[in-house]
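So this block is upload_33.cif, mmCIF, C-alpha atoms and all ligand atoms:
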```
data_query
#
loop_
_atom_site.label_atom_id
_atom_site.label_comp_id
_atom_site.auth_asym_id
_atom_site.auth_seq_id
_atom_site.Cartn_x
_atom_site.Cartn_y
_atom_site.Cartn_z
CA VAL A 79 -126.13 -158.93 58.27
CA SER A 80 -128.86 -157.44 56.14
CA PHE A 81 -131.98 -158.12 58.27
CA SER A 82 -133.70 -157.66 54.95
CA GLY A 83 -136.52 -160.07 55.69
CA TYR A 84 -137.93 -158.27 58.72
CA PRO A 85 -135.70 -155.36 59.73
CA LEU A 86 -137.56 -154.02 62.76
CA LEU A 87 -138.44 -157.16 64.62
CA SER A 88 -135.17 -158.93 63.84
CA ARG A 89 -133.10 -156.03 65.15
CA LEU A 90 -134.92 -156.46 68.43
CA LEU A 91 -134.89 -160.25 68.56
CA PHE A 92 -131.24 -160.53 67.52
CA ARG A 93 -130.28 -158.46 70.58
CA LEU A 94 -131.66 -161.20 72.81
CA ASP A 95 -129.96 -164.47 73.48
CA PRO A 96 -131.37 -166.87 70.81
CA GLU A 97 -133.41 -169.00 73.17
CA THR A 98 -134.93 -165.97 74.90
CA ALA A 99 -135.77 -164.64 71.44
CA HIS A 100 -137.42 -167.94 70.56
CA ARG A 101 -139.50 -167.85 73.74
CA ALA A 102 -140.52 -164.26 73.10
CA THR A 103 -141.50 -165.19 69.55
CA LEU A 104 -143.61 -168.10 70.78
CA SER A 105 -145.34 -165.82 73.29
CA LEU A 106 -146.18 -163.31 70.56
CA LEU A 107 -147.42 -166.10 68.31
CA ARG A 108 -149.57 -167.53 71.09
CA LEU A 109 -151.41 -164.23 71.36
CA LEU A 110 -152.45 -164.33 67.74
CA PRO A 111 -155.58 -166.49 68.10
CA TYR A 112 -156.88 -163.95 70.63
CA LEU A 113 -156.54 -161.15 68.11
CA PRO A 114 -158.88 -162.34 65.37
CA PRO A 115 -158.59 -159.23 63.14
CA LEU A 116 -154.78 -159.44 63.14
CA ARG A 117 -154.87 -163.16 62.58
CA SER A 118 -157.12 -162.90 59.58
CA THR A 119 -155.09 -159.99 58.16
CA LEU A 120 -151.93 -162.09 58.43
CA ALA A 121 -153.65 -165.14 57.02
CA LYS A 122 -154.90 -163.11 54.05
CA ARG A 123 -151.44 -161.78 53.45
CA TRP A 124 -149.48 -164.97 54.03
CA GLN A 125 -151.65 -167.99 53.29
CA VAL A 126 -151.14 -168.74 49.62
CA ARG A 127 -154.10 -170.80 48.52
CA ASP A 128 -153.77 -171.90 44.92
CA ALA A 129 -154.88 -175.23 43.48
CA ARG A 130 -151.56 -175.54 41.62
CA LEU A 131 -149.71 -175.84 44.95
CA SER A 132 -152.01 -178.44 46.41
CA GLN A 133 -151.21 -182.16 46.54
CA LYS A 134 -152.91 -185.22 47.95
CA LEU A 135 -150.38 -187.27 49.92
CA LEU A 136 -150.73 -189.76 52.79
CA GLY A 137 -154.46 -189.61 52.07
CA LEU A 138 -154.50 -185.93 53.04
CA ARG A 139 -154.84 -182.64 51.23
CA PHE A 140 -151.63 -180.58 51.54
CA PRO A 141 -152.53 -177.01 50.47
CA GLY A 142 -148.88 -176.38 49.55
CA PRO A 143 -145.55 -178.17 49.68
CA LEU A 144 -143.84 -176.11 52.42
CA GLY A 145 -144.12 -177.11 56.05
CA LEU A 146 -142.66 -176.07 59.39
CA ALA A 147 -139.86 -178.43 60.49
CA ALA A 148 -139.80 -180.15 63.88
CA GLY A 149 -138.32 -178.30 66.83
CA PHE A 150 -139.90 -174.88 66.42
CA ASP A 151 -143.20 -175.77 68.05
CA LYS A 152 -142.20 -178.76 70.15
CA ASP A 153 -145.26 -178.62 72.39
CA GLY A 154 -147.98 -177.67 69.91
CA ARG A 155 -148.50 -174.18 71.30
CA VAL A 156 -148.62 -172.08 68.15
CA VAL A 157 -150.51 -174.16 65.60
CA PRO A 158 -153.09 -171.49 64.60
CA ALA A 159 -150.37 -168.82 64.33
CA MET A 160 -148.04 -170.91 62.16
CA THR A 161 -150.97 -171.78 59.92
CA ALA A 162 -151.76 -168.05 59.60
CA LEU A 163 -148.11 -167.44 58.67
CA GLY A 164 -148.69 -169.63 55.64
CA PHE A 165 -147.06 -172.98 56.44
CA SER A 166 -148.97 -175.65 54.57
CA PHE A 167 -148.33 -178.35 57.16
CA LEU A 168 -146.76 -178.40 60.61
CA GLU A 169 -144.57 -180.91 62.38
CA LEU A 170 -144.78 -180.69 66.17
CA GLY A 171 -142.24 -182.17 68.57
CA THR A 172 -139.87 -183.72 69.10
CA VAL A 173 -141.97 -185.01 71.96
CA THR A 174 -140.72 -187.62 74.43
CA PRO A 175 -142.97 -189.81 76.62
CA VAL A 176 -142.15 -187.81 79.77
CA GLY A 177 -141.45 -184.07 79.76
CA GLN A 178 -137.78 -183.18 80.19
CA PRO A 179 -135.74 -179.96 80.49
CA GLY A 180 -133.12 -180.67 77.83
CA ASN A 181 -129.47 -179.70 78.10
CA PRO A 182 -128.19 -176.76 80.18
CA ARG A 183 -128.35 -173.29 78.60
CA PRO A 184 -126.91 -171.69 76.58
CA ARG A 185 -127.70 -174.30 73.97
CA LEU A 186 -128.86 -172.35 70.91
CA PHE A 187 -126.51 -170.16 68.87
CA ARG A 188 -126.90 -167.96 65.78
CA TYR A 189 -124.36 -167.48 62.99
CA PRO A 190 -125.99 -164.65 61.05
CA GLU A 191 -123.15 -164.31 58.56
CA GLN A 192 -123.70 -167.91 57.50
CA ALA A 193 -127.48 -167.77 58.04
CA SER A 194 -127.03 -170.84 60.22
CA LEU A 195 -127.87 -172.07 63.72
CA ARG A 196 -126.22 -174.47 66.10
CA ASN A 197 -128.45 -176.12 68.70
CA ALA A 198 -127.80 -178.54 71.52
CA LEU A 199 -131.29 -178.39 73.02
CA GLY A 200 -131.65 -182.12 73.70
CA PHE A 201 -135.42 -182.56 73.27
CA ASN A 202 -136.63 -180.05 75.83
CA ASN A 203 -140.40 -180.59 75.80
CA GLN A 204 -143.43 -181.02 78.02
CA GLY A 205 -144.04 -184.68 77.21
CA GLY A 206 -146.66 -186.81 75.47
CA GLU A 207 -149.50 -186.15 77.86
CA ALA A 208 -149.32 -182.34 77.54
CA LEU A 209 -149.14 -182.60 73.77
CA SER A 210 -152.06 -184.99 73.65
CA ARG A 211 -154.19 -182.53 75.64
CA ARG A 212 -153.31 -179.69 73.26
CA LEU A 213 -153.95 -181.78 70.18
CA LYS A 214 -157.40 -182.70 71.47
CA ALA A 215 -158.18 -179.02 72.00
CA LEU A 216 -156.97 -178.15 68.49
CA HIS A 217 -159.27 -180.56 66.72
CA PRO A 218 -160.25 -180.04 63.89
CA TRP A 219 -157.08 -178.45 62.56
CA SER A 220 -156.88 -176.92 59.11
CA VAL A 221 -153.55 -178.12 57.69
CA PRO A 222 -151.89 -181.54 58.03
CA LEU A 223 -150.25 -181.97 61.45
CA GLY A 224 -147.41 -184.38 62.10
CA VAL A 225 -145.79 -185.27 65.40
CA ASN A 226 -142.08 -186.04 65.63
CA LEU A 227 -141.28 -188.70 68.26
CA GLY A 228 -138.12 -189.21 70.32
CA ARG A 229 -136.95 -191.03 73.39
CA ASN A 230 -136.28 -189.64 76.84
CA LYS A 231 -132.67 -189.01 77.71
CA THR A 232 -132.92 -191.29 80.76
CA THR A 233 -134.35 -194.22 78.79
CA PRO A 234 -131.53 -196.69 78.15
CA PRO A 235 -130.86 -196.92 74.40
CA GLU A 236 -131.75 -200.63 74.38
CA ARG A 237 -135.25 -199.73 75.57
CA ALA A 238 -135.72 -196.86 73.11
CA ALA A 239 -138.39 -198.73 71.15
CA ASP A 240 -140.69 -198.71 74.18
CA ASP A 241 -140.61 -194.90 74.25
CA TYR A 242 -141.75 -194.73 70.62
CA TYR A 243 -144.52 -197.28 71.26
CA ALA A 244 -145.72 -195.37 74.33
CA LEU A 245 -145.98 -192.18 72.27
CA LEU A 246 -147.77 -193.93 69.40
CA GLU A 247 -150.30 -195.21 71.85
CA ARG A 248 -150.85 -191.87 73.54
CA LEU A 249 -151.05 -189.78 70.39
CA ASP A 250 -152.66 -192.17 67.91
CA GLY A 251 -155.65 -190.58 66.20
CA LEU A 252 -154.62 -187.08 67.30
CA CYS A 253 -152.40 -186.19 64.33
CA ASP A 254 -152.02 -186.97 60.63
CA TYR A 255 -148.59 -188.57 60.59
CA PHE A 256 -145.78 -189.61 62.92
CA VAL A 257 -142.06 -189.18 62.42
CA ILE A 258 -139.66 -191.61 64.08
CA ASN A 259 -136.72 -189.36 64.91
CA VAL A 260 -133.50 -191.32 65.14
CA SER A 261 -131.28 -188.53 63.88
CA SER A 262 -131.03 -185.80 66.49
CA PRO A 263 -127.39 -185.44 67.55
CA ASN A 264 -128.29 -184.14 71.03
CA THR A 265 -129.56 -187.32 72.70
CA PRO A 266 -126.60 -189.62 73.33
CA GLY A 267 -126.96 -192.92 71.48
CA LEU A 268 -130.06 -191.90 69.49
CA ARG A 269 -128.35 -192.03 66.12
CA GLU A 270 -127.19 -195.59 66.82
CA MET A 271 -130.73 -196.61 65.91
CA GLN A 272 -130.00 -195.68 62.30
CA GLU A 273 -129.45 -199.27 61.44
CA GLU A 274 -131.57 -201.81 59.52
CA ARG A 275 -132.31 -204.29 62.31
CA ALA A 276 -133.29 -201.82 65.03
CA LEU A 277 -135.33 -199.60 62.74
CA GLY A 278 -136.91 -202.48 60.87
CA ASP A 279 -138.11 -204.13 64.11
CA LEU A 280 -139.33 -200.79 65.45
CA LEU A 281 -141.30 -199.98 62.31
CA ARG A 282 -142.89 -203.38 61.95
CA GLU A 283 -144.09 -203.30 65.56
CA ALA A 284 -145.19 -199.65 65.24
CA ARG A 285 -147.23 -200.60 62.17
CA ARG A 286 -149.01 -203.24 64.19
CA ARG A 287 -149.87 -200.71 66.89
CA SER A 288 -150.96 -197.75 64.81
CA SER A 289 -152.50 -197.13 61.42
CA THR A 290 -151.33 -193.50 61.29
CA PRO A 291 -148.76 -192.97 58.49
CA LEU A 292 -145.20 -193.36 59.78
CA LEU A 293 -142.12 -191.63 58.39
CA VAL A 294 -138.48 -191.73 59.48
CA LYS A 295 -136.15 -188.74 59.80
CA LEU A 296 -132.51 -189.39 58.92
CA SER A 297 -129.22 -187.65 59.57
CA PRO A 298 -127.14 -185.80 56.98
CA ASP A 299 -124.05 -187.41 58.47
CA LEU A 300 -124.75 -190.78 56.88
CA ALA A 301 -122.87 -191.17 53.61
CA PRO A 302 -125.47 -190.57 50.89
CA ALA A 303 -125.26 -194.14 49.59
CA ARG A 304 -125.74 -195.42 53.14
CA ALA A 305 -128.75 -193.12 53.65
CA ALA A 306 -130.27 -194.58 50.48
CA GLU A 307 -129.76 -198.17 51.70
CA LEU A 308 -131.25 -197.42 55.09
CA ALA A 309 -134.16 -195.48 53.60
CA GLU A 310 -134.99 -198.44 51.42
CA ALA A 311 -134.96 -200.74 54.44
CA VAL A 312 -137.30 -198.50 56.44
CA VAL A 313 -139.73 -198.25 53.53
CA GLU A 314 -139.69 -202.03 53.19
CA ALA A 315 -140.42 -202.27 56.92
CA GLY A 316 -143.54 -200.11 56.60
CA ALA A 317 -142.54 -196.43 56.61
CA ILE A 318 -144.51 -194.44 54.05
CA GLY A 319 -141.81 -191.81 53.73
CA VAL A 320 -138.45 -190.46 54.72
CA LEU A 321 -137.45 -186.99 55.94
CA LEU A 322 -134.00 -185.80 54.89
CA THR A 323 -132.38 -184.35 56.91
CA ASN A 324 -131.89 -183.46 60.54
CA THR A 325 -128.98 -181.21 61.67
CA THR A 326 -125.32 -182.09 61.00
CA ILE A 327 -122.37 -182.60 63.33
CA ASP A 328 -119.86 -181.89 60.57
CA TYR A 329 -118.38 -178.88 62.34
CA GLY A 330 -115.98 -178.32 59.46
CA LEU A 331 -118.95 -176.61 57.78
CA LEU A 332 -118.82 -173.81 60.36
CA PRO A 333 -115.14 -173.15 61.04
CA GLY A 334 -114.43 -171.83 64.52
CA ALA A 335 -117.72 -172.93 66.04
CA PRO A 336 -117.57 -175.03 69.21
CA GLU A 337 -118.07 -178.68 68.39
CA VAL A 338 -121.32 -179.15 70.29
CA GLY A 339 -124.85 -179.60 68.97
CA GLY A 340 -126.22 -179.78 65.44
CA LEU A 341 -125.84 -177.28 62.60
CA SER A 342 -128.75 -176.13 60.48
CA GLY A 343 -129.43 -173.45 57.90
CA ARG A 344 -127.32 -172.49 54.93
CA VAL A 345 -124.23 -174.51 55.92
CA LEU A 346 -126.36 -177.67 55.78
CA ARG A 347 -127.83 -176.98 52.36
CA GLU A 348 -125.62 -178.94 49.96
CA ARG A 349 -125.25 -181.92 52.25
CA SER A 350 -129.00 -182.15 52.69
CA PHE A 351 -129.42 -181.90 48.93
CA ALA A 352 -126.86 -184.63 48.25
CA THR A 353 -128.67 -186.93 50.69
CA LEU A 354 -131.99 -186.25 48.96
CA GLN A 355 -130.48 -186.97 45.55
CA ALA A 356 -129.01 -190.29 46.63
CA VAL A 357 -132.23 -191.41 48.30
CA ALA A 358 -134.44 -190.21 45.45
CA LYS A 359 -132.36 -192.10 42.93
CA ARG A 360 -133.21 -195.30 44.72
CA LEU A 361 -136.68 -194.67 46.14
CA TYR A 362 -138.47 -192.04 44.08
CA GLY A 363 -142.01 -193.22 43.40
CA ARG A 364 -141.92 -195.78 46.20
CA CYS A 365 -142.40 -193.46 49.16
CA ILE A 366 -142.84 -189.81 50.11
CA LEU A 367 -139.60 -187.84 50.34
CA VAL A 368 -139.49 -184.72 52.50
CA SER A 369 -136.46 -182.46 52.07
CA ILE A 370 -135.20 -180.23 54.91
CA GLY A 371 -131.98 -178.32 55.43
CA GLY A 372 -130.95 -174.88 54.30
CA ILE A 373 -134.12 -174.10 52.36
CA ASP A 374 -134.64 -170.33 52.42
CA SER A 375 -135.96 -169.41 48.96
CA ALA A 376 -138.44 -170.54 46.33
CA GLU A 377 -135.53 -171.51 44.07
CA GLU A 378 -134.09 -173.81 46.72
CA ALA A 379 -137.48 -175.35 47.53
CA TYR A 380 -138.08 -175.87 43.80
CA ARG A 381 -134.69 -177.56 43.38
CA ARG A 382 -135.67 -180.06 46.14
CA LEU A 383 -139.06 -180.74 44.55
CA ARG A 384 -137.52 -181.28 41.12
CA ALA A 385 -134.97 -183.63 42.72
CA GLY A 386 -137.82 -185.84 43.95
CA ALA A 387 -139.12 -184.41 47.23
CA SER A 388 -142.91 -184.11 47.41
CA LEU A 389 -142.69 -181.83 50.42
CA VAL A 390 -140.11 -179.51 51.99
CA GLN A 391 -139.73 -178.02 55.47
CA LEU A 392 -137.70 -175.27 57.07
CA TYR A 393 -136.76 -173.95 60.48
CA SER A 394 -133.60 -171.79 60.33
CA ALA A 395 -134.85 -169.56 57.53
CA LEU A 396 -137.69 -168.45 59.77
CA VAL A 397 -135.07 -166.93 62.08
CA PHE A 398 -133.06 -165.22 59.34
CA GLU A 399 -135.81 -164.36 56.84
CA GLY A 400 -138.69 -163.65 59.19
CA PRO A 401 -142.37 -164.46 59.42
CA GLY A 402 -143.12 -163.85 55.74
CA VAL A 403 -140.78 -166.60 54.56
CA ALA A 404 -143.41 -169.28 53.97
CA ALA A 405 -145.57 -166.96 51.87
CA ARG A 406 -142.59 -165.73 49.89
CA ILE A 407 -141.44 -169.24 49.08
CA GLN A 408 -144.85 -170.58 48.10
CA ARG A 409 -145.66 -167.52 45.95
CA GLY A 410 -142.25 -167.84 44.35
CA LEU A 411 -142.97 -171.48 43.57
CA LEU A 412 -146.03 -170.44 41.58
CA GLU A 413 -143.84 -168.13 39.51
CA LEU A 414 -141.32 -170.89 38.90
CA LEU A 415 -144.09 -173.26 37.79
CA ASP A 416 -145.30 -170.60 35.34
CA ARG A 417 -141.79 -169.94 34.08
CA ASP A 418 -141.31 -173.63 33.32
CA GLY A 419 -144.79 -174.20 31.93
CA LEU A 420 -145.72 -176.70 34.67
CA GLY A 421 -149.36 -176.95 35.71
CA SER A 422 -148.81 -178.01 39.33
CA ILE A 423 -146.33 -178.87 42.05
CA ALA A 424 -146.97 -182.53 41.34
CA ALA A 425 -145.65 -181.98 37.80
CA ALA A 426 -142.44 -180.48 39.20
CA VAL A 427 -141.81 -183.26 41.71
CA GLY A 428 -139.05 -185.48 40.35
CA ALA A 429 -138.75 -183.51 37.10
CA ASP A 430 -134.95 -183.53 37.32
CA LEU A 431 -134.72 -187.27 37.81
CA PRO A 432 -133.79 -189.34 34.79
CA ALA A 433 -136.82 -191.02 33.22
CA ALA A 434 -139.09 -189.53 35.86
CA GLY A 435 -142.21 -190.33 33.85
CA SER A 436 -141.69 -194.07 33.82
CA ARG A 437 -141.36 -194.40 37.59
CA GLY A 438 -144.85 -193.31 38.50
CA ALA A 439 -145.89 -190.60 40.89
CA PRO A 440 -145.35 -190.97 44.61
CA ARG A 441 -148.41 -191.79 46.67
C1 LIG A 501 -133.40 -174.89 67.39
C2 LIG A 501 -133.69 -176.15 66.62
C3 LIG A 501 -134.38 -177.18 67.24
C4 LIG A 501 -134.64 -178.35 66.54
N1 LIG A 501 -135.34 -179.35 67.16
C5 LIG A 501 -135.64 -180.48 66.46
C6 LIG A 501 -136.40 -181.52 67.05
O1 LIG A 501 -136.83 -181.43 68.19
N2 LIG A 501 -136.63 -182.63 66.31
C7 LIG A 501 -136.18 -182.78 65.03
O2 LIG A 501 -136.45 -183.80 64.38
N3 LIG A 501 -135.48 -181.78 64.43
C8 LIG A 501 -135.20 -180.66 65.11
N4 LIG A 501 -134.49 -179.66 64.50
C9 LIG A 501 -134.01 -179.87 63.12
C10 LIG A 501 -134.96 -179.25 62.09
O3 LIG A 501 -136.23 -179.85 62.13
C11 LIG A 501 -134.36 -179.39 60.68
O4 LIG A 501 -134.26 -180.77 60.36
C12 LIG A 501 -132.99 -178.77 60.55
O5 LIG A 501 -132.90 -177.58 61.32
C13 LIG A 501 -132.65 -178.43 59.10
O6 LIG A 501 -133.54 -177.47 58.57
P1 LIG A 501 -133.20 -175.90 58.45
O7 LIG A 501 -131.85 -175.80 57.81
O8 LIG A 501 -134.30 -175.32 57.63
O9 LIG A 501 -133.19 -175.38 59.85
C14 LIG A 501 -134.21 -178.49 65.19
C15 LIG A 501 -133.53 -177.43 64.59
C16 LIG A 501 -133.27 -176.27 65.26
C17 LIG A 501 -132.54 -175.15 64.57
#
```
Now, as a test, write the supplied structure out as structure tokens.
Ligand SMILES: Cc1cc2nc3c(=O)[nH]c(=O)nc-3n(C[C@H](O)[C@H](O)[C@H](O)COP(=O)(O)O)c2cc1C
Amino acid sequence: VSFSGYPLLSRLLFRLDPETAHRATLSLLRLLPYLPPLRSTLAKRWQVRDARLSQKLLGLRFPGPLGLAAGFDKDGRVVPAMTALGFSFLELGTVTPVGQPGNPRPRLFRYPEQASLRNALGFNNQGGEALSRRLKALHPWSVPLGVNLGRNKTTPPERAADDYYALLERLDGLCDYFVINVSSPNTPGLREMQEERALGDLLREARRRSSTPLLVKLSPDLAPARAAELAEAVVEAGAIGVLLTNTTIDYGLLPGAPEVGGLSGRVLRERSFATLQAVAKRLYGRCILVSIGGIDSAEEAYRRLRAGASLVQLYSALVFEGPGVAARIQRGLLELLDRDGLGSIAAAVGADLPAAGSRGAPR
């Protein structure tokens, strides 16, 4: 393992069990707002503010296309720090209506050789009420904030919709978009909601209850053609976008690993890309596509944008590449735009799709 991204800190953190390392990282990040000089030094170094990276989507200004994926800051504790690290939007959660401990530890594992993680956390989080209090205290925030919604483990699957409605009610007006998460592999039965009827009903009712933009996050374990069909159905039912993808349970991608939890990072990359391609072919221009899974470089982020994603997110690369990863990717994107003679991110989005021009830009 090279530890090239952040040799000192990673040597330390990689000695700790992964979840302890994550907690230590969150504690360090939570200190940042109390150290204004350090925070502004980091922000100067890592926040890439360039009009060419900026896009207006969902009625909001996104200063750049790279966001933090759900699961890193489940409870909204490190919003100022992650903004200072250069993420251009943040997705908090997954939050469930009632706080819950998640699965027994150990439940988070690193595979440094493959730059990949395996997690079986199971939506450990403090619940909707705690998040709502923190969001109120954060107002006004400086980059778009989404909240990823899930159901409690003890809620029977047939009553799952009620959990999503309860969260919409509690958090409406406190964030910029919601993600309906039906794709985590660590809550038994959750993925069974990846089906036209259940999702369609859920979205139509959610639309009636909230005017905040709603997106749906899908699994990479759907066959790409199936993901495209389902994505189309959710957009027709009122979702403004689709996030592709969550973690995979195709353990063949990580030979020898115990078959528990979801895989993320490099081993997920091509599968996530194939899902994006299939969905973009059908839906590009009709909704916002957000690509996630194995993105760890500007080249990879650029490939997703050109394939039709307006936005990208990452989680695992933060562990393997370190705190400068967002800045490195967004600076690298500027170089790639220059190389290809493109004036803005918006001009790159969908550039690799056939007849991109005639389909119209996404909202
Ligand atoms: C430790 C860990 C926890 C995660 N928790 C969530 C979660 O709560 N909700 C969710 O939608 N995705 C969750 N994810 C999935 C990520 O948001 C992302 O979809 C996935 O990791 C692929 O991106 P990556 O390869 O950049 O990590 C989690 C991922 C990891 C590694």
Please identify every residue of chain A that has at least one atom no farther than 6 Å from an atom of ligand LIG 501 (chain A), counting only C-alpha atoms and all ligand atoms, and for each give the shortest atom pair and the distance in Å to one decimal, arranged by chain then increasing number, as a tab-separated table.
```
residue	atom	partner	partner_atom	distance
A:Ala147	CA	A:LIG501	O3	4.2
A:Ala148	CA	A:LIG501	O3	4.0
A:Gly149	CA	A:LIG501	N1	3.2
A:Gly171	CA	A:LIG501	O1	5.5
A:Thr172	CA	A:LIG501	O1	3.9
A:Leu195	CA	A:LIG501	C17	5.7
A:Asn197	CA	A:LIG501	C1	5.3
A:Phe201	CA	A:LIG501	O1	5.4
A:Asn259	CA	A:LIG501	O2	5.6
A:Thr323	CA	A:LIG501	O4	5.3
A:Asn324	CA	A:LIG501	O4	3.6
A:Thr325	CA	A:LIG501	C12	4.8
A:Ser342	CA	A:LIG501	O7	4.1
A:Gly343	CA	A:LIG501	O7	3.4
A:Ile370	CA	A:LIG501	O6	4.9
A:Gly371	CA	A:LIG501	O7	3.5
A:Gly372	CA	A:LIG501	O7	3.7
A:Ile373	CA	A:LIG501	O8	5.4
A:Leu392	CA	A:LIG501	O8	3.4
A:Tyr393	CA	A:LIG501	O9	3.9
A:Ser394	CA	A:LIG501	O9	3.6
A:Ala395	CA	A:LIG501	O8	5.8
```
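Residues in contact with stretch 242-258 of chain A at up to 7 Å, not including ones fewer than 2 positions away on its chain and judged by only C-alpha atoms, are Pro175, Gly206, Ser210, Leu213, Lys214, Pro222, Leu223, Gly224, Val225, Asn226, Leu227, Gly228, Arg229, Ala238, Ala239, Asp240, Val260, Ala284, Ser288, Thr290, Pro291, Leu292, Leu293, Val294 and Lys295 of chain A.
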Written selection (C-alpha atoms) as a PDB file, in the frame of the given file:
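The resulting file, again_18.pdb, is shown below:
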```
ATOM      1  CA  PRO A 175    -142.970-189.810  76.620  1.00  0.00           C
ATOM      2  CA  GLY A 206    -146.660-186.810  75.470  1.00  0.00           C
ATOM      3  CA  SER A 210    -152.060-184.990  73.650  1.00  0.00           C
ATOM      4  CA  LEU A 213    -153.950-181.780  70.180  1.00  0.00           C
ATOM      5  CA  LYS A 214    -157.400-182.700  71.470  1.00  0.00           C
ATOM      6  CA  PRO A 222    -151.890-181.540  58.030  1.00  0.00           C
ATOM      7  CA  LEU A 223    -150.250-181.970  61.450  1.00  0.00           C
ATOM      8  CA  GLY A 224    -147.410-184.380  62.100  1.00  0.00           C
ATOM      9  CA  VAL A 225    -145.790-185.270  65.400  1.00  0.00           C
ATOM     10  CA  ASN A 226    -142.080-186.040  65.630  1.00  0.00           C
ATOM     11  CA  LEU A 227    -141.280-188.700  68.260  1.00  0.00           C
ATOM     12  CA  GLY A 228    -138.120-189.210  70.320  1.00  0.00           C
ATOM     13  CA  ARG A 229    -136.950-191.030  73.390  1.00  0.00           C
ATOM     14  CA  ALA A 238    -135.720-196.860  73.110  1.00  0.00           C
ATOM     15  CA  ALA A 239    -138.390-198.730  71.150  1.00  0.00           C
ATOM     16  CA  ASP A 240    -140.690-198.710  74.180  1.00  0.00           C
ATOM     17  CA  VAL A 260    -133.500-191.320  65.140  1.00  0.00           C
ATOM     18  CA  ALA A 284    -145.190-199.650  65.240  1.00  0.00           C
ATOM     19  CA  SER A 288    -150.960-197.750  64.810  1.00  0.00           C
ATOM     20  CA  THR A 290    -151.330-193.500  61.290  1.00  0.00           C
ATOM     21  CA  PRO A 291    -148.760-192.970  58.490  1.00  0.00           C
ATOM     22  CA  LEU A 292    -145.200-193.360  59.780  1.00  0.00           C
ATOM     23  CA  LEU A 293    -142.120-191.630  58.390  1.00  0.00           C
ATOM     24  CA  VAL A 294    -138.480-191.730  59.480  1.00  0.00           C
ATOM     25  CA  LYS A 295    -136.150-188.740  59.800  1.00  0.00           C
TER      26      LYS A 295
END
```
Box dimensions and centre (Å, one decimal) enclosing stretch 214-231 of chain A, axis-aligned, 6 Å extra per side, as AutoDock Vina command-line options:
```
--center_x -146.5 --center_y -184.0 --center_z 67.7 --size_x 39.6 --size_y 26.1 --size_z 32.0
```
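You can rank A:Asp153, A:Leu163, A:Pro184, A:Gln272 by their closest distance to A:Gln204 using only C-alpha atoms, and at the top of that list sits A:Asp153.
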**Study point:** Long-range neighbours of A:Thr353 as a list in words, 8 Å cut-off, all atoms listed in the file, 6 positions minimum in chain
**Key:** Pro298, Ala301, Pro302, Ala305, Ala306, Leu322 and Thr323 of chain A
Practice item. For atom CA of A:Leu135 and atom CA of A:Tyr380, determine how far apart the two atoms are, in Å to one decimal place. Key: 17.9 Å
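Between atom CA of A:Glu274 and atom CA of A:Val368 the separation is 20.1 Å.
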Review point. Can you list, as a list in words, every protein, DNA or RNA residue that comes within 10 Å of A:Phe140 when you count all atoms listed in the file, leaving out same-chain residues fewer than 4 positions away?
Key: Leu131, Ser132, Gln133, Lys134, Leu135, Leu136, Leu144, Gly145, Ser166, Phe167, Ser220, Val221, Pro222 and Leu389 of chain A
Give me, as a Markdown table, the closest atom pair and its distance (Å, one decimal) for every residue of stretch 128-170 of chain A within a cut-off of 8 Å of stretch 110-121 of chain A, counting all atoms listed in the file, rows sorted by chain and rising number.
```
| residue | atom | partner | partner_atom | distance |
| --- | --- | --- | --- | --- |
| A:Pro158 | CA | A:Pro111 | CA | 6.6 |
| A:Ala159 | CA | A:Leu110 | CA | 6.0 |
| A:Thr161 | CA | A:Ala121 | CA | 7.7 |
| A:Ala162 | CA | A:Ala121 | CA | 4.3 |
| A:Leu163 | CA | A:Ala121 | CA | 6.2 |
| A:Gly164 | CA | A:Ala121 | CA | 6.8 |
```
**Study point:** Minimum-distance residue to A:Ala404, chosen among A:Pro235, A:Pro143, A:Pro85, A:Gly137 (using only C-alpha atoms)
**Key:** A:Pro143
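Interatomic distance, atom CA of A:Thr233 against atom CA of A:Val176: 10.1 Å.
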**Study point:** Surrounding residues of A:Ala425 excluding itself and chain neighbours under 2 positions, 12 Å, all atoms listed in the file, as a PyMOL selection string
**Key:** chain A and resi 130-133+380+383-388+414-416+418-423+427-430+434-435+438-440
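Among the candidate residues A:Asp128, A:Asp151, A:Met160, A:Leu168, the one lying nearest to A:Glu413 is A:Asp128, with distances computed using only C-alpha atoms.
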Review point. Smallest atom-to-atom distance to A:Phe150: which of A:His100, A:Arg196, A:Arg344, A:Arg237, using all atoms listed in the file?
Key: A:His100
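For the residues A:Lys359, A:Lys231, A:Arg185, A:Lys122, ranking by smallest atom-to-atom distance to A:Glu310 using all atoms listed in the file places A:Lys359 first.
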